$ cat entry30.txt   # compact mmCIF, C-alpha atoms
# COMPACT_ATOMS: atom_id res chain seq x y z
CA MET A 1283 43.24 25.41 51.20
CA SER A 1284 42.60 27.77 54.13
CA LYS A 1285 45.29 26.41 56.41
CA ASP A 1286 43.88 28.01 59.56
CA LEU A 1287 40.15 27.30 59.09
CA VAL A 1288 37.87 24.35 59.84
CA VAL A 1289 34.19 24.17 58.86
CA ILE A 1290 31.81 22.97 61.59
CA LEU A 1291 28.23 22.16 60.62
CA THR A 1292 25.24 21.33 62.80
CA ALA A 1293 21.64 20.33 62.09
CA LEU A 1294 19.85 21.89 65.08
CA ASN A 1295 19.98 25.36 66.64
CA LEU A 1296 20.75 23.76 70.01
CA GLU A 1297 23.87 22.19 68.50
CA TYR A 1298 24.77 25.41 66.67
CA GLU A 1299 24.62 27.43 69.90
CA ALA A 1300 26.82 24.89 71.70
CA VAL A 1301 29.57 25.36 69.11
CA ARG A 1302 29.06 29.11 68.82
CA GLY A 1303 29.65 29.44 72.55
CA LYS A 1304 33.19 28.19 71.95
CA LEU A 1305 34.00 30.94 69.44
CA ALA A 1306 35.36 34.44 69.92
CA GLY A 1307 34.23 37.30 67.70
CA PRO A 1308 31.94 35.43 65.30
CA GLN A 1309 31.16 37.47 62.19
CA VAL A 1310 28.45 36.76 59.63
CA HIS A 1311 29.67 35.47 56.28
CA ARG A 1312 26.92 35.31 53.65
CA HIS A 1313 27.18 32.97 50.69
CA GLU A 1314 26.06 34.46 47.38
CA ARG A 1315 23.05 32.08 47.38
CA GLY A 1316 21.89 33.21 50.80
CA THR A 1317 23.41 30.61 53.13
CA ARG A 1318 24.69 32.30 56.27
CA PHE A 1319 27.79 31.18 58.11
CA GLU A 1320 29.52 32.71 61.11
CA VAL A 1321 33.31 32.83 61.16
CA GLY A 1322 35.13 33.19 64.47
CA THR A 1323 38.16 31.83 66.30
CA VAL A 1324 38.14 29.12 68.95
CA GLN A 1325 38.61 31.00 72.21
CA GLY A 1326 42.23 31.37 73.23
CA THR A 1327 43.59 30.10 69.91
CA SER A 1328 44.25 31.25 66.34
CA CYS A 1329 42.08 28.47 64.87
CA ARG A 1330 39.29 29.88 62.72
CA VAL A 1331 35.93 28.13 62.45
CA ALA A 1332 33.23 28.68 59.83
CA LEU A 1333 30.01 27.59 61.52
CA GLY A 1334 26.89 26.69 59.54
CA LEU A 1335 23.41 25.22 60.05
CA THR A 1336 22.22 22.50 57.67
CA ASN A 1337 18.79 21.63 59.16
CA LYS A 1338 17.64 18.01 59.36
CA GLY A 1339 18.31 15.33 56.76
CA ASN A 1340 21.15 13.95 54.68
CA HIS A 1341 20.13 15.81 51.52
CA SER A 1342 20.16 19.26 53.13
CA ALA A 1343 23.39 18.44 54.96
CA ALA A 1344 25.09 17.38 51.72
CA VAL A 1345 24.14 20.60 49.91
CA ILE A 1346 25.31 22.90 52.72
CA ALA A 1347 28.50 20.90 53.23
CA GLU A 1348 29.29 21.15 49.51
CA ARG A 1349 28.64 24.87 49.64
CA ALA A 1350 30.87 25.34 52.71
CA ILE A 1351 33.75 23.39 51.17
CA GLN A 1352 33.62 25.42 47.97
CA GLU A 1353 33.35 28.71 49.89
CA PHE A 1354 36.09 28.18 52.48
CA SER A 1355 38.42 25.38 51.22
CA PRO A 1356 38.85 24.25 54.84
CA VAL A 1357 41.43 22.01 56.48
CA ALA A 1358 38.51 19.70 57.36
CA VAL A 1359 34.74 19.55 57.80
CA LEU A 1360 33.32 18.49 61.18
CA PHE A 1361 29.65 17.59 61.60
CA VAL A 1362 28.70 18.08 65.23
CA GLY A 1363 25.58 17.44 67.27
CA VAL A 1364 23.50 14.82 69.09
CA ALA A 1365 22.48 11.29 68.20
CA GLY A 1366 20.67 8.28 69.60
CA ALA A 1367 22.61 5.30 70.93
CA LEU A 1368 21.82 1.88 69.44
CA TRP A 1369 23.57 -0.08 72.18
CA ASP A 1370 24.54 0.39 75.82
CA THR A 1371 28.22 0.74 74.89
CA ALA A 1372 27.82 4.52 74.63
CA ARG A 1373 26.25 6.10 77.68
CA LEU A 1374 24.18 9.27 77.75
CA GLY A 1375 26.49 12.26 77.45
CA ASP A 1376 29.31 10.30 75.84
CA VAL A 1377 30.76 11.42 72.51
CA VAL A 1378 30.88 9.12 69.48
CA MET A 1379 33.36 9.89 66.71
CA ALA A 1380 32.58 7.91 63.57
CA THR A 1381 35.16 5.50 62.19
CA HIS A 1382 32.79 5.09 59.24
CA VAL A 1383 29.30 6.15 58.24
CA TYR A 1384 26.52 3.94 56.87
CA ALA A 1385 23.82 5.36 54.61
CA TYR A 1386 21.56 2.53 55.73
CA HIS A 1387 18.49 3.36 53.66
CA GLY A 1388 20.09 1.95 50.52
CA GLY A 1389 18.52 -1.42 49.75
CA THR A 1390 16.27 -3.56 47.57
CA SER A 1391 12.83 -4.81 48.60
CA GLU A 1392 12.24 -8.44 47.63
CA ASP A 1393 9.62 -11.09 48.41
CA ASP A 1394 11.67 -12.44 51.28
CA GLY A 1395 12.40 -9.05 52.80
CA LEU A 1396 14.48 -5.91 52.53
CA LYS A 1397 18.07 -6.54 51.48
CA GLY A 1398 20.55 -3.89 52.59
CA ARG A 1399 22.68 -2.10 50.01
CA PRO A 1400 24.33 0.61 52.07
CA ARG A 1401 26.92 3.14 51.03
CA VAL A 1402 29.81 3.50 53.43
CA TRP A 1403 32.37 6.28 53.95
CA GLU A 1404 35.39 5.84 56.21
CA THR A 1405 36.77 8.70 58.27
CA ALA A 1406 40.08 10.07 56.96
CA HIS A 1407 42.99 8.25 58.61
CA GLY A 1408 44.74 11.38 59.89
CA ILE A 1409 41.62 12.76 61.61
CA SER A 1410 40.79 9.35 63.06
CA GLN A 1411 44.31 9.07 64.50
CA LEU A 1412 44.12 12.57 65.96
CA GLY A 1413 40.71 11.88 67.51
CA SER A 1414 42.06 8.74 69.18
CA HIS A 1415 45.01 10.73 70.54
CA LEU A 1416 42.74 13.39 72.03
CA ALA A 1417 40.59 10.70 73.62
CA ARG A 1418 43.69 9.20 75.27
CA VAL A 1419 44.91 12.58 76.51
CA ASN A 1420 41.36 13.17 77.80
CA ASP A 1421 41.64 16.86 78.67
CA TRP A 1422 39.03 18.19 76.23
CA ALA A 1423 35.84 18.06 78.33
CA ASP A 1424 34.42 21.15 80.03
CA ASP A 1425 34.94 20.93 83.76
CA LYS A 1426 31.53 21.86 85.13
CA PRO A 1427 30.60 20.87 88.69
CA GLY A 1428 27.39 18.92 89.20
CA HIS A 1429 27.51 17.11 85.86
CA GLY A 1430 28.52 13.77 87.35
CA ARG A 1431 30.99 11.50 85.58
CA ALA A 1432 33.17 12.84 82.81
CA PRO A 1433 32.06 11.97 79.26
CA GLN A 1434 34.06 9.40 77.30
CA VAL A 1435 34.85 9.29 73.60
CA ARG A 1436 33.74 6.17 71.74
CA PHE A 1437 34.82 5.19 68.24
CA GLY A 1438 32.69 3.16 65.86
CA ALA A 1439 30.23 3.25 63.00
CA ILE A 1440 27.36 5.73 62.83
CA ALA A 1441 24.21 4.90 60.89
CA ALA A 1442 22.53 7.75 59.00
CA GLY A 1443 19.04 7.45 57.54
CA GLU A 1444 16.12 9.56 56.46
CA VAL A 1445 13.71 9.10 59.39
CA VAL A 1446 13.80 9.86 63.11
CA GLN A 1447 14.49 6.52 64.79
CA ASN A 1448 12.65 6.36 68.13
CA SER A 1449 11.87 2.70 68.78
CA LYS A 1450 13.62 -0.51 69.75
CA ILE A 1451 10.81 -2.81 68.66
CA SER A 1452 9.63 -1.48 65.28
CA ALA A 1453 10.38 -3.51 62.16
CA GLU A 1454 12.93 -0.91 60.98
CA ALA A 1455 14.60 -0.76 64.40
CA ARG A 1456 15.04 -4.55 64.45
CA TRP A 1457 16.31 -4.50 60.85
CA ILE A 1458 18.91 -1.80 61.62
CA ARG A 1459 20.19 -3.62 64.70
CA GLN A 1460 20.39 -6.87 62.75
CA HIS A 1461 22.20 -5.56 59.66
CA TYR A 1462 24.24 -2.70 61.22
CA ASN A 1463 24.97 -4.14 64.62
CA ASP A 1464 28.40 -2.49 64.79
CA ALA A 1465 26.85 1.00 64.64
CA LEU A 1466 27.07 2.78 67.97
CA ALA A 1467 24.68 5.61 67.12
CA ILE A 1468 22.01 6.62 64.67
CA GLU A 1469 21.13 10.01 63.15
CA MET A 1470 20.05 11.74 59.92
CA GLU A 1471 22.86 13.86 58.41
CA ALA A 1472 26.27 12.16 58.54
CA ALA A 1473 25.92 10.35 55.22
CA GLY A 1474 25.23 13.58 53.33
CA VAL A 1475 28.22 15.37 54.83
CA ALA A 1476 30.48 12.35 54.29
CA GLN A 1477 29.53 12.14 50.62
CA ALA A 1478 30.10 15.88 50.09
CA GLY A 1479 33.55 15.55 51.63
CA HIS A 1480 34.34 12.49 49.52
CA LEU A 1481 33.36 14.22 46.27
CA ASN A 1482 35.40 17.34 47.10
CA GLY A 1483 38.48 15.68 48.61
CA ALA A 1484 37.84 17.31 52.00
CA PRO A 1485 38.50 15.29 55.18
CA VAL A 1486 35.32 14.83 57.25
CA ALA A 1487 34.77 13.89 60.88
CA ILE A 1488 31.39 13.12 62.45
CA VAL A 1489 31.21 13.94 66.17
CA ARG A 1490 27.99 13.14 68.05
CA GLY A 1491 26.97 13.47 71.68
CA ILE A 1492 24.60 10.74 72.90
CA SER A 1493 21.33 12.36 74.05
CA ASP A 1494 18.95 9.35 73.96
CA ARG A 1495 18.76 5.65 73.17
CA ALA A 1496 16.46 5.72 70.12
CA ASP A 1497 14.01 3.69 72.19
CA GLY A 1498 10.83 5.77 72.36
CA THR A 1499 12.06 8.27 74.94
CA LYS A 1500 12.78 11.16 72.56
CA ASN A 1501 11.05 14.37 73.64
CA SER A 1502 10.74 13.07 77.20
CA ALA A 1503 11.88 15.17 80.17
CA LYS A 1504 15.02 13.02 80.39
CA ASP A 1505 15.80 13.62 76.73
CA ARG A 1506 15.31 17.38 77.11
CA ALA A 1507 17.74 17.34 80.04
CA TRP A 1508 20.40 15.35 78.19
CA GLN A 1509 20.23 17.07 74.79
CA PRO A 1510 22.05 20.29 75.81
CA ARG A 1511 24.68 18.35 77.76
CA ALA A 1512 25.31 15.96 74.89
CA ALA A 1513 25.51 18.87 72.42
CA ALA A 1514 27.95 20.71 74.72
CA ASN A 1515 30.19 17.62 75.01
CA ALA A 1516 30.24 17.14 71.24
CA ALA A 1517 31.06 20.83 70.74
CA ALA A 1518 33.89 20.69 73.29
CA PHE A 1519 35.53 17.68 71.63
CA ALA A 1520 34.99 18.99 68.10
CA THR A 1521 36.48 22.43 68.73
CA ARG A 1522 39.50 20.85 70.40
CA LEU A 1523 39.83 18.60 67.35
CA ALA A 1524 39.60 21.65 65.08
CA VAL A 1525 42.40 23.42 66.98
CA GLU A 1526 44.66 20.39 66.72
CA LEU A 1527 43.93 19.98 63.00
CA VAL A 1528 44.92 23.58 62.30
CA GLY A 1529 48.01 23.22 64.50
CA GLU A 1530 49.11 20.16 62.55
CA GLN A 1531 48.61 22.00 59.26
CA GLU A 1532 50.74 24.91 60.50
CA GLN A 1533 53.48 22.49 61.56
CA ILE A 1534 53.44 20.90 58.10
CA THR A 1535 53.73 24.33 56.48
CA MET A 1536 56.58 25.40 58.75
CA SER A 1537 58.42 22.10 58.32
CA GLN A 1538 58.27 22.53 54.57
CA ALA A 1539 59.62 26.06 54.90
CA ASP A 1540 62.46 24.78 57.09
CA ARG A 1541 63.32 22.08 54.55
CA ASP A 1542 63.34 24.65 51.78
CA HIS A 1543 65.63 26.88 53.86
CA LYS A 1544 68.06 24.04 54.56
CA THR A 1545 68.11 23.14 50.89
CA ASP A 1546 68.93 26.73 50.01
CA ARG A 1547 71.80 26.75 52.50
CA LEU A 1548 73.28 23.59 51.04
CA GLU A 1549 73.53 25.11 47.61
CA GLU A 1550 76.71 27.05 46.79
CA HIS A 1551 74.79 30.20 46.10
CA VAL A 1552 74.86 33.54 47.87
CA SER A 1553 72.01 35.98 47.37
CA ASN A 1554 72.29 39.45 48.90
CA THR A 1555 69.19 41.60 49.03
CA ALA A 1556 69.11 45.22 50.14
CA HIS A 1557 65.97 47.26 50.63
CA ASN A 1558 66.75 50.89 49.76
CA SER A 1559 70.28 50.57 51.13
CA THR A 1560 73.90 49.97 50.11
CA VAL A 1561 75.49 46.52 50.20
CA GLY A 1562 79.19 45.91 50.66
CA ILE A 1563 80.64 42.42 50.17
CA MET A 1564 84.05 41.38 51.49
CA ALA A 1565 85.08 37.79 50.95
CA GLY A 1566 88.02 35.74 49.79
CA SER A 1567 85.85 33.80 47.37
CA VAL A 1568 82.16 34.15 46.50
CA LYS A 1569 80.58 31.73 44.04
CA GLU A 1570 77.41 32.42 42.06
CA SER A 1571 76.57 35.51 44.11
CA SER A 1572 73.72 37.76 43.05
CA VAL A 1573 73.03 41.19 44.52
CA TYR A 1574 69.56 42.70 44.19
CA LEU A 1575 69.09 46.35 45.08
CA ASN A 1576 65.68 47.76 46.06
CA ALA A 1577 64.25 44.26 45.68
CA ASP A 1578 61.17 44.53 47.88
CA PRO A 1579 58.80 41.56 47.58
CA LYS A 1580 56.19 42.13 44.89
CA VAL A 1581 52.87 42.29 46.78
CA THR A 1582 49.91 43.20 44.59
CA SER A 1583 47.11 41.15 46.16
CA ALA A 1584 45.88 39.58 49.38
CA ALA A 1585 47.26 36.22 48.27
CA ASP A 1586 50.72 37.75 47.77
CA LEU A 1587 50.64 39.33 51.22
CA VAL A 1588 49.47 36.13 52.93
CA ALA A 1589 52.24 34.18 51.18
CA GLU A 1590 54.87 36.70 52.32
CA LEU A 1591 53.50 36.59 55.88
CA ASP A 1592 53.76 32.78 55.86
CA SER A 1593 57.37 33.09 54.71
CA PHE A 1594 58.06 35.59 57.48
CA ARG A 1595 56.52 33.23 60.05
CA ALA A 1596 58.96 30.52 58.95
CA HIS A 1597 61.89 32.88 59.56
CA LEU A 1598 60.45 33.86 62.93
CA LYS A 1599 60.10 30.20 63.92
CA ARG A 1600 63.72 29.52 62.94
CA HIS A 1601 64.98 32.42 65.08
CA HIS A 1602 62.96 31.06 68.00
CA ALA A 1603 64.28 27.52 67.49
CA GLU A 1604 67.84 28.88 67.44
CA GLY A 1605 67.24 30.71 70.72
CA THR A 1606 67.51 34.21 69.25
CA VAL A 1607 63.87 35.07 69.99
CA ASP A 1608 62.63 34.29 73.52
CA ASP A 1609 59.41 32.39 74.21
CA ASP A 1610 57.31 35.40 75.31
CA THR A 1611 58.29 37.51 72.32
CA TYR A 1612 57.71 34.58 69.98
CA ARG A 1613 54.24 33.94 71.37
CA GLU A 1614 53.19 37.60 71.14
CA ALA A 1615 54.72 37.93 67.67
CA LEU A 1616 52.78 34.88 66.43
CA ALA A 1617 49.56 36.38 67.76
CA GLU A 1618 50.07 39.66 65.88
CA LEU A 1619 51.16 37.79 62.76
CA GLY A 1620 48.02 35.69 62.93
CA LEU A 1621 45.84 38.80 63.23
CA ALA A 1622 47.56 40.35 60.23
CA ARG A 1623 47.18 37.19 58.17
CA ARG A 1624 43.46 36.81 58.90
CA ALA A 1625 42.85 40.47 58.17
CA ALA A 1626 44.75 40.28 54.88
CA ARG A 1627 42.62 37.35 53.75
CA GLU A 1628 39.45 39.44 54.07
CA SER A 1629 40.72 41.72 51.27
CA THR A 1630 38.90 44.91 52.22
CA PRO A 1631 40.34 48.40 52.81
CA GLU A 1632 39.42 48.18 56.50
CA SER A 1633 40.94 44.71 56.89
CA TYR A 1634 44.19 45.88 55.24
CA ARG A 1635 44.33 48.73 57.75
CA ARG A 1636 43.94 46.22 60.57
CA ALA A 1637 46.70 44.13 59.02
CA THR A 1638 48.97 47.18 58.83
CA MET A 1639 48.42 48.01 62.52
CA ALA A 1640 49.10 44.41 63.54
CA LEU A 1641 52.33 44.39 61.54
CA LYS A 1642 53.42 47.68 63.11
CA ARG A 1643 52.87 46.19 66.56
CA LEU A 1644 54.84 43.15 65.44
CA ARG A 1645 57.66 45.42 64.27
CA GLY A 1646 57.85 46.87 67.77
CA LEU A 1647 58.08 43.39 69.30
CA ILE A 1648 61.02 42.36 67.11
CA ALA A 1649 62.81 45.72 67.03
CA GLU A 1650 65.98 44.23 68.51
CA PHE A 1651 66.31 41.64 65.73
CA PRO A 1652 67.60 43.50 62.64
CA ASP A 1653 67.22 40.58 60.26
CA LEU A 1654 63.53 40.15 61.11
CA VAL A 1655 62.87 43.89 61.01
CA THR A 1656 64.44 44.07 57.54
CA ARG A 1657 62.20 41.27 56.31
CA LEU A 1658 59.08 42.78 57.89
CA ALA A 1659 59.53 46.39 56.79
CA PRO A 1660 58.41 45.95 53.13
CA LEU A 1661 55.38 43.93 54.31
CA VAL A 1662 54.20 46.82 56.50
CA VAL A 1663 54.48 49.12 53.48
CA ALA A 1664 52.73 46.63 51.21
CA ALA A 1665 49.77 46.20 53.59
CA GLY A 1666 49.42 49.98 53.78
CA ASP A 1667 49.52 50.30 49.99
CA LEU A 1668 46.75 47.70 49.60
CA SER A 1669 44.46 49.64 51.93

$ encode --input "entry30.txt" --output "structure tokens"
Amino acid sequence: MSKDLVVILTALNLEYEAVRGKLAGPQVHRHERGTRFEVGTVQGTSCRVALGLTNKGNHSAAVIAERAIQEFSPVAVLFVGVAGALWDTARLGDVVMATHVYAYHGGTSEDDGLKGRPRVWETAHGISQLGSHLARVNDWADDKPGHGRAPQVRFGAIAAGEVVQNSKISAEARWIRQHYNDALAIEMEAAGVAQAGHLNGAPVAIVRGISDRADGTKNSAKDRAWQPRAAANAAAFATRLAVELVGEQEQITMSQADRDHKTDRLEEHVSNTAHNSTVGIMAGSVKESSVYLNADPKVTSAADLVAELDSFRAHLKRHHAEGTVDDDTYREALAELGLARRAARESTPESYRRATMALKRLRGLIAEFPDLVTRLAPLVVAAGDLS
């Protein structure tokens, strides 16, 4: 799993541009079969986003989602864009986050009518809980004057079919409202993305801004005015959700590292490591002590370097928690460490050089902490050797 990356997919260019506007430094990433993604970071954060365009329809969305999951192994997949509201519960501009998705076109046609046989996918519990938390905090929306009331986040089912629904009185419209009357919104891609996530074990969230009421007013002047605002609201909530998802994953990783460290300290074992230096031990009693000379970490690949950087980050966090490293230094050090980690993952000579420079800047930040400098020194050398 890429612990700092979330995939965000959209169906329309309007939706794509709304998300892209939230990213810093997007770079093209081309899949071997021709699908183009852009990978950037959410502005002001270390959260990476791989952004892709699926085009309309559940089938296309499923294929691209599958491809993105295999290519990036993300923390989660978010499908983001606009949708039509089925009821007045969700107002124009509001954001709907799916609790579950109906593929409503499943059914059997019999003499007495069409009998629904939908497939249903529930949103992963952790993402659903996080979305509810962000809605309660309610500080995700862009603060733009002149846009009237602030958008609200609604939670409920989303219905996904294979046709554009633009009527309240057609036979299909009446059938949908009768058989899926808990669905807040209707669109054409969520079922495909949800199935791709289910088959690959990737958490999926569907985030939709309400741009119309699926009542015959699509393509009207009002719809054209609301589409960009609804897309922008969905993008704002989704990118905030992505940042929080990555933050939670980092906390899990660091907590595990802390637990491992505490376990090591509980064991009656002393391990002394010296990097190109001499070790002297003075003690009344030392049990099961091992001394390793010139025992630099073995870094022969990008994966090795990333793993060592994650281990270093755990040590840095512990020093900060103990009050050894001040808040400003810790924040700047994390930023440089994040740059080095992302560069290392790219696995190119140029990216390794960028990683080396970031680690050298990090070394300057922590120069007054000998333990951290000792741990970092072989990583600077290893990054340089890989380039």

$ atom_distance --input "entry30.txt" --atom1 "CA of Val1331 (chain A)" --atom2 "CA of Val1662 (chain A)"
26.8 Å

$ atom_distance --input "entry30.txt" --atom1 "CA of Arg1459 (chain A)" --atom2 "CA of Leu1368 (chain A)"
7.4 Å

$ atom_distance --input "entry30.txt" --atom1 "CA of Leu1360 (chain A)" --atom2 "CA of Ile1290 (chain A)"
4.7 Å

$ residues_around --input "entry30.txt" --residues "region 1622-1634 of chain A" --least-positions-apart "4" --cutoff "9 Å" --atoms "all atoms listed in the file" --output "list in words"
Asp1286, Arg1330, Ser1583, Ala1584, Ala1585, Leu1587, Val1588, Leu1591, Asp1592, Ala1617, Glu1618, Thr1638, Met1639, Ala1640, Leu1641, Ala1665, Gly1666, Asp1667, Leu1668 and Ser1669 of chain A

$ residues_around --input "entry30.txt" --residues "Asn1482 (chain A)" --least-positions-apart "5" --cutoff "9 Å" --atoms "all atoms listed in the file" --output "PDB file with C-alpha atoms, in the coordinates of the input"
ATOM      1  CA  GLU A1348      29.290  21.150  49.510  1.00  0.00           C
ATOM      2  CA  ILE A1351      33.750  23.390  51.170  1.00  0.00           C
ATOM      3  CA  GLN A1352      33.620  25.420  47.970  1.00  0.00           C
ATOM      4  CA  GLN A1477      29.530  12.140  50.620  1.00  0.00           C
TER       5      GLN A1477
END

$ residues_around --input "entry30.txt" --residues "Glu1469 (chain A)" --least-positions-apart "3" --cutoff "10 Å" --atoms "only C-alpha atoms" --output "ChimeraX atom specification"
/A:1338-1340,1363-1367,1440-1447,1472-1473,1490,1496

$ write_last_selection --input "entry30.txt" --atoms "C-alpha atoms" --output "mmCIF file, in the coordinates of the input"
data_model
loop_
_atom_site.group_PDB
_atom_site.id
_atom_site.type_symbol
_atom_site.label_atom_id
_atom_site.label_comp_id
_atom_site.auth_asym_id
_atom_site.auth_seq_id
_atom_site.Cartn_x
_atom_site.Cartn_y
_atom_site.Cartn_z
ATOM 1 C CA LYS A 1338 17.640 18.010 59.360
ATOM 2 C CA GLY A 1339 18.310 15.330 56.760
ATOM 3 C CA ASN A 1340 21.150 13.950 54.680
ATOM 4 C CA GLY A 1363 25.580 17.440 67.270
ATOM 5 C CA VAL A 1364 23.500 14.820 69.090
ATOM 6 C CA ALA A 1365 22.480 11.290 68.200
ATOM 7 C CA GLY A 1366 20.670 8.280 69.600
ATOM 8 C CA ALA A 1367 22.610 5.300 70.930
ATOM 9 C CA ILE A 1440 27.360 5.730 62.830
ATOM 10 C CA ALA A 1441 24.210 4.900 60.890
ATOM 11 C CA ALA A 1442 22.530 7.750 59.000
ATOM 12 C CA GLY A 1443 19.040 7.450 57.540
ATOM 13 C CA GLU A 1444 16.120 9.560 56.460
ATOM 14 C CA VAL A 1445 13.710 9.100 59.390
ATOM 15 C CA VAL A 1446 13.800 9.860 63.110
ATOM 16 C CA GLN A 1447 14.490 6.520 64.790
ATOM 17 C CA ALA A 1472 26.270 12.160 58.540
ATOM 18 C CA ALA A 1473 25.920 10.350 55.220
ATOM 19 C CA ARG A 1490 27.990 13.140 68.050
ATOM 20 C CA ALA A 1496 16.460 5.720 70.120
#

$ closest_residue --input "entry30.txt" --among "A:Ala1478, A:Val1288, A:Ile1468, A:Leu1523" --to "Gly1491 (chain A)" --atoms "only C-alpha atoms"
A:Ile1468

$ residues_near_point --input "entry30.txt" --point "(34.4, 38.5, 67.2)" --cutoff "12 Å" --atoms "all atoms listed in the file" --output "list in words"
Arg1302, Gly1303, Lys1304, Leu1305, Ala1306, Gly1307, Pro1308, Gln1309, Val1310, Glu1320, Val1321, Gly1322, Thr1323, Val1324, Gln1325, Arg1330 and Val1331 of chain A

$ closest_residue --input "entry30.txt" --among "A:Ala1659, A:Val1525, A:Leu1598, A:Ala1603" --to "Gly1326 (chain A)" --atoms "only C-alpha atoms"
A:Val1525

$ closest_residue --input "entry30.txt" --among "A:Leu1287, A:Ala1406, A:Leu1296, A:Ala1467" --to "Arg1506 (chain A)" --atoms "all atoms listed in the file"
A:Leu1296

$ residues_around --input "entry30.txt" --residues "Gly1438 (chain A)" --least-positions-apart "2" --cutoff "8 Å" --atoms "only C-alpha atoms" --output "number ranges by chain"
A: 1378-1382, 1436, 1440, 1464-1466

$ write_last_selection --input "entry30.txt" --atoms "C-alpha atoms" --output "compact mmCIF listing (two decimals), in the coordinates of the input"
# COMPACT_ATOMS: atom_id res chain seq x y z
CA VAL A 1378 30.88 9.12 69.48
CA MET A 1379 33.36 9.89 66.71
CA ALA A 1380 32.58 7.91 63.57
CA THR A 1381 35.16 5.50 62.19
CA HIS A 1382 32.79 5.09 59.24
CA ARG A 1436 33.74 6.17 71.74
CA ILE A 1440 27.36 5.73 62.83
CA ASP A 1464 28.40 -2.49 64.79
CA ALA A 1465 26.85 1.00 64.64
CA LEU A 1466 27.07 2.78 67.97

$ closest_residue --input "entry30.txt" --among "A:Val1655, A:Ala1300, A:Ala1516, A:Leu1621" --to "Phe1594 (chain A)" --atoms "all atoms listed in the file"
A:Val1655

$ closest_residue --input "entry30.txt" --among "A:Ile1488, A:Arg1595, A:Arg1635, A:Ala1518" --to "Gly1620 (chain A)" --atoms "all atoms listed in the file"
A:Arg1595

$ closest_residue --input "entry30.txt" --among "A:Gln1434, A:Ser1452, A:Val1475, A:Thr1390" --to "Thr1405 (chain A)" --atoms "all atoms listed in the file"
A:Val1475

$ closest_atom_pairs --input "entry30.txt" --of "region 1433-1520 of chain A" --to "region 1374-1377 of chain A" --cutoff "8 Å" --atoms "only C-alpha atoms" --output "JSON lines"
{"residue": "A:Pro1433", "atom": "CA", "partner": "A:Asp1376", "partner_atom": "CA", "distance": 4.7}
{"residue": "A:Gln1434", "atom": "CA", "partner": "A:Asp1376", "partner_atom": "CA", "distance": 5.1}
{"residue": "A:Val1435", "atom": "CA", "partner": "A:Val1377", "partner_atom": "CA", "distance": 4.7}
{"residue": "A:Arg1436", "atom": "CA", "partner": "A:Val1377", "partner_atom": "CA", "distance": 6.1}
{"residue": "A:Val1489", "atom": "CA", "partner": "A:Val1377", "partner_atom": "CA", "distance": 6.8}
{"residue": "A:Arg1490", "atom": "CA", "partner": "A:Val1377", "partner_atom": "CA", "distance": 5.5}
{"residue": "A:Gly1491", "atom": "CA", "partner": "A:Val1377", "partner_atom": "CA", "distance": 4.4}
{"residue": "A:Ile1492", "atom": "CA", "partner": "A:Leu1374", "partner_atom": "CA", "distance": 5.1}
{"residue": "A:Ser1493", "atom": "CA", "partner": "A:Leu1374", "partner_atom": "CA", "distance": 5.6}
{"residue": "A:Asp1494", "atom": "CA", "partner": "A:Leu1374", "partner_atom": "CA", "distance": 6.5}
{"residue": "A:Arg1495", "atom": "CA", "partner": "A:Leu1374", "partner_atom": "CA", "distance": 8.0}
{"residue": "A:Trp1508", "atom": "CA", "partner": "A:Gly1375", "partner_atom": "CA", "distance": 6.9}
{"residue": "A:Arg1511", "atom": "CA", "partner": "A:Gly1375", "partner_atom": "CA", "distance": 6.4}
{"residue": "A:Ala1512", "atom": "CA", "partner": "A:Gly1375", "partner_atom": "CA", "distance": 4.7}
{"residue": "A:Asn1515", "atom": "CA", "partner": "A:Val1377", "partner_atom": "CA", "distance": 6.7}
{"residue": "A:Ala1516", "atom": "CA", "partner": "A:Val1377", "partner_atom": "CA", "distance": 5.9}
{"residue": "A:Phe1519", "atom": "CA", "partner": "A:Val1377", "partner_atom": "CA", "distance": 7.9}
